[in-house]
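Visitor: This is structure_3.txt (compact mmCIF, C-alpha atoms).
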# COMPACT_ATOMS: atom_id res chain seq x y z
CA MET A 1 -34.72 6.78 -13.75
CA SER A 2 -35.93 5.75 -10.32
CA SER A 3 -34.94 8.11 -7.53
CA THR A 4 -34.32 5.19 -5.19
CA THR A 5 -31.28 3.73 -6.96
CA ALA A 6 -27.75 4.14 -5.66
CA ALA A 7 -26.80 5.87 -8.91
CA ALA A 8 -29.53 8.49 -8.64
CA ASN A 9 -28.48 9.33 -5.09
CA GLU A 10 -24.83 9.88 -5.93
CA THR A 11 -23.66 13.48 -6.22
CA ILE A 12 -20.69 14.32 -8.44
CA THR A 13 -18.07 16.56 -6.81
CA ASP A 14 -15.28 18.81 -8.10
CA LEU A 15 -12.76 16.17 -7.10
CA ASP A 16 -14.26 13.51 -9.36
CA LEU A 17 -13.30 12.12 -12.71
CA VAL A 18 -16.36 10.43 -14.19
CA LEU A 19 -16.90 7.92 -16.95
CA LYS A 20 -20.48 7.27 -18.06
CA ARG A 21 -21.44 4.67 -20.63
CA VAL A 22 -24.52 2.76 -21.65
CA LEU A 23 -23.29 -0.83 -21.82
CA ASN A 24 -25.18 -3.40 -23.84
CA THR A 25 -25.27 -6.01 -21.08
CA SER A 26 -26.92 -6.54 -17.70
CA LYS A 27 -26.07 -5.12 -14.26
CA GLU A 28 -25.64 -8.67 -12.98
CA LYS A 29 -22.96 -9.54 -15.54
CA ILE A 30 -21.10 -6.27 -14.97
CA PHE A 31 -21.13 -6.80 -11.21
CA LYS A 32 -19.81 -10.34 -11.69
CA ALA A 33 -17.05 -9.12 -14.03
CA TRP A 34 -16.08 -6.42 -11.51
CA THR A 35 -15.78 -8.81 -8.56
CA THR A 36 -14.55 -12.18 -9.89
CA PRO A 37 -10.74 -12.42 -10.19
CA GLU A 38 -10.70 -14.67 -13.27
CA LEU A 39 -13.07 -12.32 -15.08
CA MET A 40 -11.23 -9.16 -13.97
CA LYS A 41 -8.09 -10.52 -15.64
CA GLN A 42 -9.94 -10.35 -18.96
CA TRP A 43 -10.88 -6.66 -18.96
CA PHE A 44 -9.57 -4.62 -16.00
CA VAL A 45 -6.53 -3.04 -17.69
CA PRO A 46 -6.21 -1.75 -21.25
CA LYS A 47 -4.57 -4.40 -23.40
CA PRO A 48 -1.68 -5.17 -23.95
CA TRP A 49 -1.32 -4.67 -20.18
CA THR A 50 -2.35 -7.71 -18.16
CA LEU A 51 -3.12 -8.67 -14.57
CA SER A 52 -0.80 -11.29 -13.05
CA LYS A 53 -2.69 -11.59 -9.78
CA VAL A 54 -6.13 -10.61 -8.49
CA GLU A 55 -7.65 -11.20 -5.08
CA THR A 56 -11.02 -9.83 -4.01
CA ASP A 57 -12.91 -10.03 -0.73
CA VAL A 58 -16.06 -8.28 -1.84
CA ARG A 59 -17.63 -6.84 1.33
CA ALA A 60 -17.24 -3.65 3.35
CA GLY A 61 -13.82 -3.97 4.95
CA GLY A 62 -12.65 -6.69 2.57
CA ARG A 63 -9.34 -6.22 0.82
CA SER A 64 -8.45 -6.26 -2.86
CA LEU A 65 -5.15 -6.89 -4.59
CA VAL A 66 -4.63 -6.24 -8.28
CA VAL A 67 -1.16 -6.71 -9.78
CA MET A 68 -0.88 -4.99 -13.15
CA CYS A 69 1.80 -5.94 -15.71
CA ASP A 70 3.08 -3.79 -18.52
CA PRO A 71 4.05 -5.39 -21.86
CA GLU A 72 7.68 -5.67 -20.65
CA GLY A 73 6.56 -7.78 -17.66
CA ASN A 74 7.08 -5.14 -14.94
CA GLU A 75 4.57 -5.60 -12.12
CA TYR A 76 2.60 -2.84 -10.38
CA PRO A 77 0.71 -4.04 -7.30
CA ASN A 78 -2.40 -2.13 -6.21
CA LYS A 79 -3.88 -2.76 -2.80
CA GLY A 80 -7.19 -1.46 -1.56
CA VAL A 81 -10.23 -2.03 0.59
CA TYR A 82 -13.92 -2.23 -0.30
CA LEU A 83 -15.97 0.30 1.64
CA GLU A 84 -19.48 -0.46 0.42
CA VAL A 85 -20.94 -3.20 -1.73
CA VAL A 86 -24.55 -3.41 -2.94
CA GLU A 87 -24.89 -6.48 -5.11
CA ASN A 88 -25.50 -5.63 -8.78
CA GLU A 89 -25.79 -1.90 -7.98
CA LYS A 90 -22.78 -0.32 -6.33
CA ILE A 91 -19.14 -0.98 -5.47
CA VAL A 92 -17.08 1.52 -3.47
CA PHE A 93 -13.39 0.96 -2.80
CA THR A 94 -10.36 3.01 -1.85
CA ASP A 95 -6.56 2.92 -1.93
CA ALA A 96 -6.44 4.84 1.39
CA TYR A 97 -6.04 1.47 3.13
CA THR A 98 -4.07 -1.58 2.02
CA GLU A 99 -6.26 -3.81 4.18
CA ALA A 100 -8.73 -3.21 7.05
CA TRP A 101 -7.55 -0.84 8.55
CA ILE A 102 -3.94 -0.31 7.59
CA PRO A 103 -3.28 3.14 6.10
CA SER A 104 -1.64 3.24 2.68
CA GLU A 105 1.29 5.55 1.98
CA LYS A 106 -0.95 8.00 0.20
CA PRO A 107 -4.74 8.14 0.00
CA PHE A 108 -5.17 8.91 -3.70
CA PHE A 109 -8.74 8.13 -4.64
CA THR A 110 -12.04 6.39 -3.92
CA GLY A 111 -13.64 4.40 -6.73
CA ILE A 112 -17.43 4.38 -7.00
CA ILE A 113 -19.06 2.07 -9.55
CA LEU A 114 -22.78 2.53 -10.14
CA LEU A 115 -25.01 0.19 -12.15
CA GLU A 116 -28.52 1.07 -13.18
CA ASP A 117 -31.01 -0.57 -15.52
CA ALA A 118 -31.46 1.18 -18.85
CA SER A 119 -33.95 0.27 -21.58
CA ASP A 120 -33.65 -2.87 -23.74
CA GLY A 121 -31.64 -4.82 -21.16
CA LYS A 122 -28.79 -2.31 -21.23
CA THR A 123 -27.10 -0.77 -18.21
CA ASN A 124 -26.19 2.80 -17.29
CA TYR A 125 -22.61 2.36 -16.15
CA THR A 126 -21.00 5.13 -14.07
CA ALA A 127 -17.41 4.90 -12.83
CA ILE A 128 -16.24 7.70 -10.54
CA ALA A 129 -12.66 8.28 -9.38
CA ARG A 130 -12.97 10.71 -6.46
CA HIS A 131 -9.73 12.23 -5.23
CA TRP A 132 -8.68 13.83 -1.95
CA LYS A 133 -6.81 16.62 -3.70
CA ALA A 134 -7.49 18.71 -6.79
CA GLU A 135 -3.91 18.16 -7.98
CA ASP A 136 -4.38 14.39 -7.79
CA ARG A 137 -7.55 14.63 -9.86
CA GLU A 138 -5.64 16.66 -12.44
CA ALA A 139 -2.69 14.25 -12.47
CA HIS A 140 -5.06 11.30 -12.88
CA GLU A 141 -6.74 13.03 -15.80
CA LYS A 142 -3.36 13.69 -17.44
CA MET A 143 -2.36 10.05 -16.88
CA GLY A 144 -5.14 9.25 -19.32
CA PHE A 145 -8.11 8.49 -17.09
CA HIS A 146 -10.76 8.97 -19.76
CA GLU A 147 -8.98 6.99 -22.45
CA GLY A 148 -7.91 4.21 -20.07
CA TRP A 149 -11.15 3.76 -18.20
CA GLY A 150 -13.04 4.16 -21.49
CA LYS A 151 -11.08 1.38 -23.15
CA CYS A 152 -11.61 -0.83 -20.11
CA ALA A 153 -15.36 -0.19 -20.23
CA GLU A 154 -15.34 -1.44 -23.83
CA GLN A 155 -13.39 -4.54 -22.83
CA LEU A 156 -15.84 -5.04 -19.94
CA GLU A 157 -18.84 -4.84 -22.26
CA GLU A 158 -17.30 -7.29 -24.71
CA LEU A 159 -16.52 -9.76 -21.97
CA CYS A 160 -20.00 -9.54 -20.46
CA GLN A 161 -21.55 -10.30 -23.82
CA THR A 162 -19.78 -13.69 -23.72
CA LEU A 163 -21.04 -14.58 -20.22
CA MET B 1 -7.68 -14.05 26.29
CA SER B 2 -9.53 -15.75 23.46
CA SER B 3 -7.74 -15.62 20.13
CA THR B 4 -11.02 -15.08 18.33
CA THR B 5 -11.81 -11.59 19.64
CA ALA B 6 -11.45 -8.48 17.51
CA ALA B 7 -8.96 -7.10 20.05
CA ALA B 8 -6.69 -10.13 19.89
CA ASN B 9 -6.59 -9.94 16.10
CA GLU B 10 -5.60 -6.28 15.95
CA THR B 11 -1.95 -5.54 15.25
CA ILE B 12 -0.42 -2.31 16.53
CA THR B 13 1.59 -0.37 13.93
CA ASP B 14 4.28 2.33 14.07
CA LEU B 15 1.67 4.89 13.08
CA ASP B 16 -0.51 4.22 16.12
CA LEU B 17 -1.05 6.00 19.39
CA VAL B 18 -2.58 3.53 21.81
CA LEU B 19 -4.44 3.88 25.08
CA LYS B 20 -5.08 0.71 27.07
CA ARG B 21 -7.09 0.60 30.28
CA VAL B 22 -8.96 -1.96 32.32
CA LEU B 23 -12.31 -0.29 32.94
CA ASN B 24 -14.48 -1.40 35.81
CA THR B 25 -17.64 -1.72 33.74
CA SER B 26 -19.06 -3.94 31.00
CA LYS B 27 -18.38 -3.99 27.24
CA GLU B 28 -22.09 -3.41 26.65
CA LYS B 29 -22.15 -0.17 28.65
CA ILE B 30 -18.98 1.13 27.04
CA PHE B 31 -20.34 0.39 23.57
CA LYS B 32 -23.57 2.19 24.45
CA ALA B 33 -21.66 5.20 25.80
CA TRP B 34 -19.53 5.30 22.63
CA THR B 35 -22.50 5.29 20.26
CA THR B 36 -25.38 7.16 21.93
CA PRO B 37 -25.25 10.96 21.39
CA GLU B 38 -26.74 11.91 24.80
CA LEU B 39 -24.21 9.67 26.56
CA MET B 40 -21.26 10.85 24.44
CA LYS B 41 -21.98 14.40 25.60
CA GLN B 42 -21.20 13.27 29.15
CA TRP B 43 -17.67 11.90 28.62
CA PHE B 44 -16.26 12.32 25.08
CA VAL B 45 -14.13 15.43 25.69
CA PRO B 46 -12.05 16.31 28.76
CA LYS B 47 -14.01 18.67 30.99
CA PRO B 48 -14.43 21.67 31.01
CA TRP B 49 -14.74 21.18 27.23
CA THR B 50 -18.24 20.14 26.14
CA LEU B 51 -20.05 18.78 23.10
CA SER B 52 -22.75 21.06 21.67
CA LYS B 53 -23.93 18.57 19.03
CA VAL B 54 -23.53 14.86 18.38
CA GLU B 55 -24.99 12.77 15.59
CA THR B 56 -24.15 9.10 15.06
CA ASP B 57 -25.23 6.64 12.39
CA VAL B 58 -23.53 3.58 13.80
CA ARG B 59 -22.95 1.24 10.83
CA ALA B 60 -20.29 0.81 8.17
CA GLY B 61 -20.70 3.86 5.94
CA GLY B 62 -22.72 5.81 8.51
CA ARG B 63 -21.63 9.33 9.32
CA SER B 64 -20.76 10.93 12.64
CA LEU B 65 -20.73 14.56 13.67
CA VAL B 66 -19.23 15.75 16.93
CA VAL B 67 -19.08 19.48 17.69
CA MET B 68 -16.63 20.22 20.50
CA CYS B 69 -16.77 23.46 22.51
CA ASP B 70 -13.95 25.01 24.47
CA PRO B 71 -14.68 26.82 27.75
CA GLU B 72 -14.97 30.14 25.83
CA GLY B 73 -17.75 28.70 23.67
CA ASN B 74 -15.78 28.33 20.44
CA GLU B 75 -17.05 25.39 18.40
CA TYR B 76 -14.91 22.78 16.63
CA PRO B 77 -16.92 20.47 14.37
CA ASN B 78 -15.53 17.00 13.63
CA LYS B 79 -17.04 14.94 10.85
CA GLY B 80 -16.29 11.32 10.14
CA VAL B 81 -17.56 8.00 8.90
CA TYR B 82 -17.83 4.62 10.61
CA LEU B 83 -15.95 1.93 8.71
CA GLU B 84 -16.67 -1.15 10.82
CA VAL B 85 -18.96 -1.79 13.76
CA VAL B 86 -19.16 -5.03 15.76
CA GLU B 87 -21.69 -4.53 18.54
CA ASN B 88 -20.08 -4.49 22.00
CA GLU B 89 -16.66 -5.38 20.54
CA LYS B 90 -15.27 -3.00 17.97
CA ILE B 91 -15.84 0.45 16.47
CA VAL B 92 -13.71 1.74 13.59
CA PHE B 93 -14.13 5.26 12.23
CA THR B 94 -12.12 7.76 10.22
CA ASP B 95 -11.91 11.47 9.46
CA ALA B 96 -10.79 10.69 5.89
CA TYR B 97 -14.42 11.12 4.82
CA THR B 98 -16.99 13.64 6.05
CA GLU B 99 -19.79 11.34 4.95
CA ALA B 100 -20.06 8.30 2.65
CA TRP B 101 -18.00 8.84 0.49
CA ILE B 102 -17.00 12.48 0.46
CA PRO B 103 -13.25 13.01 1.03
CA SER B 104 -12.26 15.28 3.89
CA GLU B 105 -9.65 17.99 3.43
CA LYS B 106 -7.03 15.88 5.14
CA PRO B 107 -7.16 12.22 6.16
CA PHE B 108 -5.60 12.46 9.62
CA PHE B 109 -6.40 9.27 11.48
CA THR B 110 -8.49 6.14 11.88
CA GLY B 111 -9.91 5.40 15.33
CA ILE B 112 -10.16 1.77 16.44
CA ILE B 113 -11.95 0.99 19.71
CA LEU B 114 -11.64 -2.57 21.01
CA LEU B 115 -13.62 -4.04 23.91
CA GLU B 116 -12.80 -7.35 25.49
CA ASP B 117 -14.04 -9.11 28.63
CA ALA B 118 -11.63 -9.07 31.54
CA SER B 119 -12.09 -10.82 34.89
CA ASP B 120 -14.61 -9.71 37.52
CA GLY B 121 -16.95 -8.04 35.00
CA LYS B 122 -14.29 -5.56 33.92
CA THR B 123 -13.34 -4.71 30.35
CA ASN B 124 -10.03 -4.46 28.54
CA TYR B 125 -10.44 -1.16 26.73
CA THR B 126 -8.11 -0.35 23.83
CA ALA B 127 -8.33 2.90 21.89
CA ILE B 128 -6.05 3.25 18.87
CA ALA B 129 -5.46 6.41 16.85
CA ARG B 130 -3.80 5.22 13.64
CA HIS B 131 -2.36 7.95 11.42
CA TRP B 132 -1.46 8.09 7.76
CA LYS B 133 1.78 9.94 8.40
CA ALA B 134 4.45 9.64 11.08
CA GLU B 135 4.44 13.43 11.52
CA ASP B 136 0.72 13.40 12.22
CA ARG B 137 1.18 10.71 14.85
CA GLU B 138 3.88 12.85 16.46
CA ALA B 139 1.76 16.01 16.33
CA HIS B 140 -1.19 14.15 17.86
CA GLU B 141 1.01 12.91 20.68
CA LYS B 142 2.29 16.44 21.34
CA MET B 143 -1.30 17.75 21.31
CA GLY B 144 -1.73 15.63 24.42
CA PHE B 145 -3.19 12.38 23.12
CA HIS B 146 -2.32 10.28 26.17
CA GLU B 147 -3.51 12.82 28.73
CA GLY B 148 -6.66 13.72 26.81
CA TRP B 149 -7.76 10.22 25.84
CA GLY B 150 -6.78 9.00 29.32
CA LYS B 151 -8.95 11.58 31.03
CA CYS B 152 -11.82 10.70 28.69
CA ALA B 153 -11.45 7.01 29.53
CA GLU B 154 -11.85 7.91 33.20
CA GLN B 155 -14.95 9.99 32.43
CA LEU B 156 -16.26 7.09 30.34
CA GLU B 157 -15.77 4.61 33.18
CA GLU B 158 -17.46 6.92 35.68
CA LEU B 159 -20.45 7.42 33.39
CA CYS B 160 -20.83 3.69 32.67
CA GLN B 161 -20.93 2.97 36.38
CA THR B 162 -24.11 5.08 36.57
CA LEU B 163 -25.86 3.26 33.71
Render the structure in this file as structure tokens.
Guide:
Amino acid sequence: MSSTTAAANETITDLDLVLKRVLNTSKEKIFKAWTTPELMKQWFVPKPWTLSKVETDVRAGGRSLVVMCDPEGNEYPNKGVYLEVVENEKIVFTDAYTEAWIPSEKPFFTGIILLEDASDGKTNYTAIARHWKAEDREAHEKMGFHEGWGKCAEQLEELCQTL
Amino acid sequence: MSSTTAAANETITDLDLVLKRVLNTSKEKIFKAWTTPELMKQWFVPKPWTLSKVETDVRAGGRSLVVMCDPEGNEYPNKGVYLEVVENEKIVFTDAYTEAWIPSEKPFFTGIILLEDASDGKTNYTAIARHWKAEDREAHEKMGFHEGWGKCAEQLEELCQTL
């Protein structure tokens, strides 16, 4: 592992939930699937949930909107802002703002996605959910973070293999 | 006023405390005084308070450290992160992170500084403190926001006139 990559420089804290996977696809495809609305609709929530609307403005200060739908058709909008974007390497976003720079009702977490070349064209995929409060980290874990984000990572890998 | 400036595009919200002044100096000097540690030490806190240490990394994701000292010599460190920087026009920072992207104990406010040309070489200076919670806005106001930030704006103007 090179010490100059974004992933190598990232420290894990006590407030983090972390998913690590080796995905059998390239950094470039994962980055594209993470930032393109039509692709996000195909993997971003565990099926049978769906996304009814996705908007992304992929740059520091750009906003994101993801509307999740449960199988009964109830909609759950999620607004956020990108804080840092390094193409094909790193995406940082937060729900602390609904757009630049409007505070959300409750800063819950910061998402940090790290992509790093592995051997044989695979990618070391790290997804961190970093919370402001220990109780939010715990609640997120109990909500099924590992199962949910794990299933999504599988859907992401499958989709990328078709790109 | 041009409708294309950062200042004209900024909406004031219910969670904001706002200081507006016409300063008899240029945008360029104000921006320099807001971002250069040795200059910040000369105006950033109401005298007789002082700053014992200032570090600035003026870019989106860069960190800031400002250590304030009361007249008895007690130190009060303030850590934050810049979220958006437009040279000579706009500076956005927050205490929600102590560095990129480490959550602080309590997201309290986002600072938004807007600089806009006025007539006769003066500058429309707008300083917004935007809070996550109404009670924090109220507490900040009772702590003396208007008096404190007002006095600092005067110190800022005086300093810029010497640059």
Visitor: Report chain B as a short mmCIF file (atom, residue, chain, number, x, y, z; two decimals) with C-alpha atoms, keeping the file's coordinate frame in the frame of chain A, after least-squares superposition over all C-alpha atoms paired in order.
Guide:
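Okay, this is what ended up in out28.cif:
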data_model
loop_
_atom_site.label_atom_id
_atom_site.label_comp_id
_atom_site.auth_asym_id
_atom_site.auth_seq_id
_atom_site.Cartn_x
_atom_site.Cartn_y
_atom_site.Cartn_z
CA MET B 1 -34.83 6.70 -13.73
CA SER B 2 -35.98 5.69 -10.27
CA SER B 3 -34.97 8.09 -7.53
CA THR B 4 -34.29 5.20 -5.18
CA THR B 5 -31.25 3.74 -6.96
CA ALA B 6 -27.72 4.15 -5.64
CA ALA B 7 -26.77 5.88 -8.91
CA ALA B 8 -29.51 8.49 -8.65
CA ASN B 9 -28.46 9.34 -5.10
CA GLU B 10 -24.80 9.88 -5.93
CA THR B 11 -23.65 13.48 -6.23
CA ILE B 12 -20.69 14.31 -8.45
CA THR B 13 -18.07 16.56 -6.82
CA ASP B 14 -15.27 18.82 -8.11
CA LEU B 15 -12.76 16.17 -7.10
CA ASP B 16 -14.26 13.51 -9.37
CA LEU B 17 -13.30 12.11 -12.72
CA VAL B 18 -16.36 10.43 -14.18
CA LEU B 19 -16.89 7.91 -16.95
CA LYS B 20 -20.47 7.27 -18.06
CA ARG B 21 -21.45 4.67 -20.64
CA VAL B 22 -24.53 2.75 -21.64
CA LEU B 23 -23.30 -0.83 -21.82
CA ASN B 24 -25.18 -3.39 -23.84
CA THR B 25 -25.26 -6.00 -21.09
CA SER B 26 -26.91 -6.55 -17.70
CA LYS B 27 -26.06 -5.11 -14.26
CA GLU B 28 -25.64 -8.67 -12.98
CA LYS B 29 -22.95 -9.53 -15.53
CA ILE B 30 -21.09 -6.28 -14.98
CA PHE B 31 -21.13 -6.80 -11.22
CA LYS B 32 -19.82 -10.34 -11.69
CA ALA B 33 -17.06 -9.12 -14.02
CA TRP B 34 -16.09 -6.42 -11.50
CA THR B 35 -15.78 -8.82 -8.57
CA THR B 36 -14.56 -12.19 -9.89
CA PRO B 37 -10.74 -12.41 -10.18
CA GLU B 38 -10.69 -14.67 -13.28
CA LEU B 39 -13.07 -12.30 -15.08
CA MET B 40 -11.23 -9.15 -13.96
CA LYS B 41 -8.10 -10.51 -15.63
CA GLN B 42 -9.93 -10.34 -18.95
CA TRP B 43 -10.88 -6.64 -18.97
CA PHE B 44 -9.57 -4.60 -16.00
CA VAL B 45 -6.53 -3.03 -17.69
CA PRO B 46 -6.21 -1.75 -21.26
CA LYS B 47 -4.56 -4.39 -23.43
CA PRO B 48 -1.69 -5.17 -23.96
CA TRP B 49 -1.34 -4.64 -20.19
CA THR B 50 -2.36 -7.69 -18.15
CA LEU B 51 -3.13 -8.66 -14.57
CA SER B 52 -0.80 -11.27 -13.06
CA LYS B 53 -2.71 -11.57 -9.77
CA VAL B 54 -6.14 -10.60 -8.49
CA GLU B 55 -7.65 -11.20 -5.08
CA THR B 56 -11.04 -9.83 -4.02
CA ASP B 57 -12.91 -10.03 -0.73
CA VAL B 58 -16.07 -8.29 -1.83
CA ARG B 59 -17.63 -6.84 1.34
CA ALA B 60 -17.26 -3.66 3.36
CA GLY B 61 -13.82 -3.98 4.96
CA GLY B 62 -12.66 -6.70 2.57
CA ARG B 63 -9.34 -6.23 0.84
CA SER B 64 -8.46 -6.26 -2.85
CA LEU B 65 -5.17 -6.88 -4.57
CA VAL B 66 -4.63 -6.24 -8.26
CA VAL B 67 -1.17 -6.70 -9.77
CA MET B 68 -0.90 -4.98 -13.15
CA CYS B 69 1.79 -5.92 -15.70
CA ASP B 70 3.06 -3.77 -18.52
CA PRO B 71 4.03 -5.37 -21.84
CA GLU B 72 7.67 -5.67 -20.62
CA GLY B 73 6.55 -7.75 -17.65
CA ASN B 74 7.06 -5.13 -14.94
CA GLU B 75 4.57 -5.59 -12.11
CA TYR B 76 2.59 -2.84 -10.38
CA PRO B 77 0.70 -4.05 -7.30
CA ASN B 78 -2.40 -2.12 -6.20
CA LYS B 79 -3.89 -2.77 -2.80
CA GLY B 80 -7.19 -1.46 -1.55
CA VAL B 81 -10.23 -2.03 0.59
CA TYR B 82 -13.92 -2.23 -0.29
CA LEU B 83 -15.97 0.31 1.64
CA GLU B 84 -19.49 -0.45 0.42
CA VAL B 85 -20.94 -3.19 -1.74
CA VAL B 86 -24.55 -3.40 -2.94
CA GLU B 87 -24.88 -6.49 -5.12
CA ASN B 88 -25.50 -5.63 -8.79
CA GLU B 89 -25.78 -1.91 -7.99
CA LYS B 90 -22.79 -0.32 -6.33
CA ILE B 91 -19.14 -0.99 -5.48
CA VAL B 92 -17.08 1.51 -3.48
CA PHE B 93 -13.39 0.95 -2.80
CA THR B 94 -10.36 3.01 -1.85
CA ASP B 95 -6.56 2.92 -1.92
CA ALA B 96 -6.44 4.83 1.38
CA TYR B 97 -6.05 1.47 3.14
CA THR B 98 -4.07 -1.58 2.03
CA GLU B 99 -6.26 -3.80 4.18
CA ALA B 100 -8.72 -3.22 7.05
CA TRP B 101 -7.56 -0.85 8.53
CA ILE B 102 -3.94 -0.31 7.60
CA PRO B 103 -3.27 3.15 6.10
CA SER B 104 -1.64 3.25 2.69
CA GLU B 105 1.29 5.55 1.99
CA LYS B 106 -0.95 8.00 0.20
CA PRO B 107 -4.74 8.11 0.00
CA PHE B 108 -5.17 8.89 -3.70
CA PHE B 109 -8.75 8.13 -4.64
CA THR B 110 -12.03 6.39 -3.92
CA GLY B 111 -13.63 4.40 -6.73
CA ILE B 112 -17.43 4.37 -7.00
CA ILE B 113 -19.05 2.06 -9.55
CA LEU B 114 -22.78 2.53 -10.14
CA LEU B 115 -25.01 0.20 -12.16
CA GLU B 116 -28.52 1.07 -13.17
CA ASP B 117 -31.03 -0.56 -15.53
CA ALA B 118 -31.46 1.18 -18.85
CA SER B 119 -33.95 0.27 -21.59
CA ASP B 120 -33.65 -2.85 -23.75
CA GLY B 121 -31.64 -4.82 -21.16
CA LYS B 122 -28.79 -2.31 -21.23
CA THR B 123 -27.09 -0.76 -18.22
CA ASN B 124 -26.19 2.79 -17.29
CA TYR B 125 -22.61 2.36 -16.14
CA THR B 126 -21.00 5.12 -14.07
CA ALA B 127 -17.42 4.90 -12.83
CA ILE B 128 -16.23 7.69 -10.54
CA ALA B 129 -12.66 8.29 -9.39
CA ARG B 130 -12.97 10.70 -6.47
CA HIS B 131 -9.71 12.22 -5.23
CA TRP B 132 -8.69 13.83 -1.97
CA LYS B 133 -6.79 16.62 -3.69
CA ALA B 134 -7.49 18.70 -6.79
CA GLU B 135 -3.91 18.14 -7.97
CA ASP B 136 -4.37 14.39 -7.79
CA ARG B 137 -7.54 14.63 -9.86
CA GLU B 138 -5.62 16.66 -12.44
CA ALA B 139 -2.68 14.24 -12.48
CA HIS B 140 -5.05 11.29 -12.89
CA GLU B 141 -6.72 13.00 -15.82
CA LYS B 142 -3.35 13.68 -17.46
CA MET B 143 -2.34 10.04 -16.88
CA GLY B 144 -5.13 9.25 -19.32
CA PHE B 145 -8.10 8.49 -17.09
CA HIS B 146 -10.76 8.97 -19.77
CA GLU B 147 -8.96 6.98 -22.45
CA GLY B 148 -7.89 4.20 -20.10
CA TRP B 149 -11.15 3.76 -18.21
CA GLY B 150 -13.05 4.15 -21.50
CA LYS B 151 -11.09 1.38 -23.17
CA CYS B 152 -11.63 -0.82 -20.11
CA ALA B 153 -15.37 -0.19 -20.24
CA GLU B 154 -15.35 -1.43 -23.83
CA GLN B 155 -13.39 -4.54 -22.82
CA LEU B 156 -15.84 -5.03 -19.95
CA GLU B 157 -18.85 -4.84 -22.26
CA GLU B 158 -17.29 -7.27 -24.73
CA LEU B 159 -16.51 -9.77 -21.97
CA CYS B 160 -20.00 -9.54 -20.45
CA GLN B 161 -21.55 -10.30 -23.81
CA THR B 162 -19.77 -13.69 -23.70
CA LEU B 163 -21.03 -14.58 -20.21
#
Visitor: Identify the residues within 12 Å of coordinate (-12.1, 6.0, -22.4) (same frame as the file), considering only C-alpha atoms, and give the answer as a PyMOL selection string.
Guide: chain A and resi 17-21+45-46+127+141+143-156
Visitor: Find the residues of region 42-150 of chain A that sit at most 12 Å from region 110-122 of chain B; for each, write down the nearest two atoms and how far apart they are in Å, to one decimal. Count all atoms listed in the file. Sort by chain, then by number going up, and give it as CSV.
Guide:
residue,atom,partner,partner_atom,distance
A:Ala96,CA,B:Thr110,CA,10.8
A:Tyr97,CA,B:Thr110,CA,10.2
A:Ala100,CA,B:Thr110,CA,10.5
A:Trp101,CA,B:Thr110,CA,7.8
A:Ile102,CA,B:Thr110,CA,9.0
A:Pro103,CA,B:Thr110,CA,8.3
A:Ser104,CA,B:Thr110,CA,11.8
Visitor: Taking C-alpha atoms for each residue, export the selection above as a PDB file, keeping the file's coordinate frame.
Guide:
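Contents of selection-v8.pdb, as written:
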ATOM      1  CA  ALA A  96      -6.440   4.840   1.390  1.00  0.00           C
ATOM      2  CA  TYR A  97      -6.040   1.470   3.130  1.00  0.00           C
ATOM      3  CA  ALA A 100      -8.730  -3.210   7.050  1.00  0.00           C
ATOM      4  CA  TRP A 101      -7.550  -0.840   8.550  1.00  0.00           C
ATOM      5  CA  ILE A 102      -3.940  -0.310   7.590  1.00  0.00           C
ATOM      6  CA  PRO A 103      -3.280   3.140   6.100  1.00  0.00           C
ATOM      7  CA  SER A 104      -1.640   3.240   2.680  1.00  0.00           C
TER       8      SER A 104
END
Visitor: When the cut-off is 8 Å and we count all atoms listed in the file, which residues of chain B are near chain A, given as a VMD selection string?
Guide: chain B and resid 60 to 61 83 to 84 101 103 to 107 110 130 to 133
Visitor: For Ala7 (chain A), which residue out of A:Ala33, A:Thr162, A:Val86, A:Asp95 is the nearest one, using all atoms listed in the file?
Guide: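 Checking each candidate against Ala7 (chain A), we get A:Val86 as the closest.
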Visitor: Applying 8 Å and only C-alpha atoms, which residues near Val54 (chain A) remain after dropping the ones on its own chain fewer than 4 positions away? List them as number ranges by chain.
Guide: A: 37-38, 40-41, 64-67
Visitor: Which is closer to Glu157 (chain A) than all the others in A:Phe108, A:Thr5, A:Arg137, A:Asn24, using all atoms listed in the file?
Guide: A:Asn24
Visitor: Quick one: of A:Pro77, A:Thr36, A:Ala8, A:Glu28, who's nearest to Ser52 (chain A), counting only C-alpha atoms?
Guide: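 Closest residue, counting only C-alpha atoms: A:Pro77.
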Visitor: Which residue gives the smallest distance to Glu89 (chain B) among B:Leu23, B:Cys160, B:Ile128, B:Ile30, with all atoms listed in the file counted?
Guide: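 Answer, going by the shortest atom-to-atom distance: B:Ile30.
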Visitor: Suppose you want the space between CA of Thr123 (chain B) and CA of Thr56 (chain B); what is it in Å?
Guide: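 One can read the CA of Thr123 (chain B) to CA of Thr56 (chain B) distance as 23.3 Å.
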Visitor: Could you tell me how far CA of Ala134 (chain B) sits from CA of Phe44 (chain B), in Å to one decimal place?
Guide: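 About the pair CA of Phe44 (chain B) and CA of Ala134 (chain B): they are 25.1 Å apart.
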Visitor: If you measure from CA of Gln42 (chain B) to CA of Asn124 (chain B), what distance in Å do you get, rounded to one decimal?
Guide: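 Those two atoms sit 21.0 Å apart.
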Visitor: Name the closest residue to Glu87 (chain A) among the candidates A:Thr35, A:Gln161, A:Thr126, A:Thr50; distances are taken between atoms, counting only C-alpha atoms.
Guide: A:Thr35
Visitor: Between B:Asp16, B:Glu55, B:Ser26, B:Glu138, which is the closest to Leu39 (chain B) once you count only C-alpha atoms?
Guide: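 Of all the options, B:Glu55 lies closest to Leu39 (chain B).
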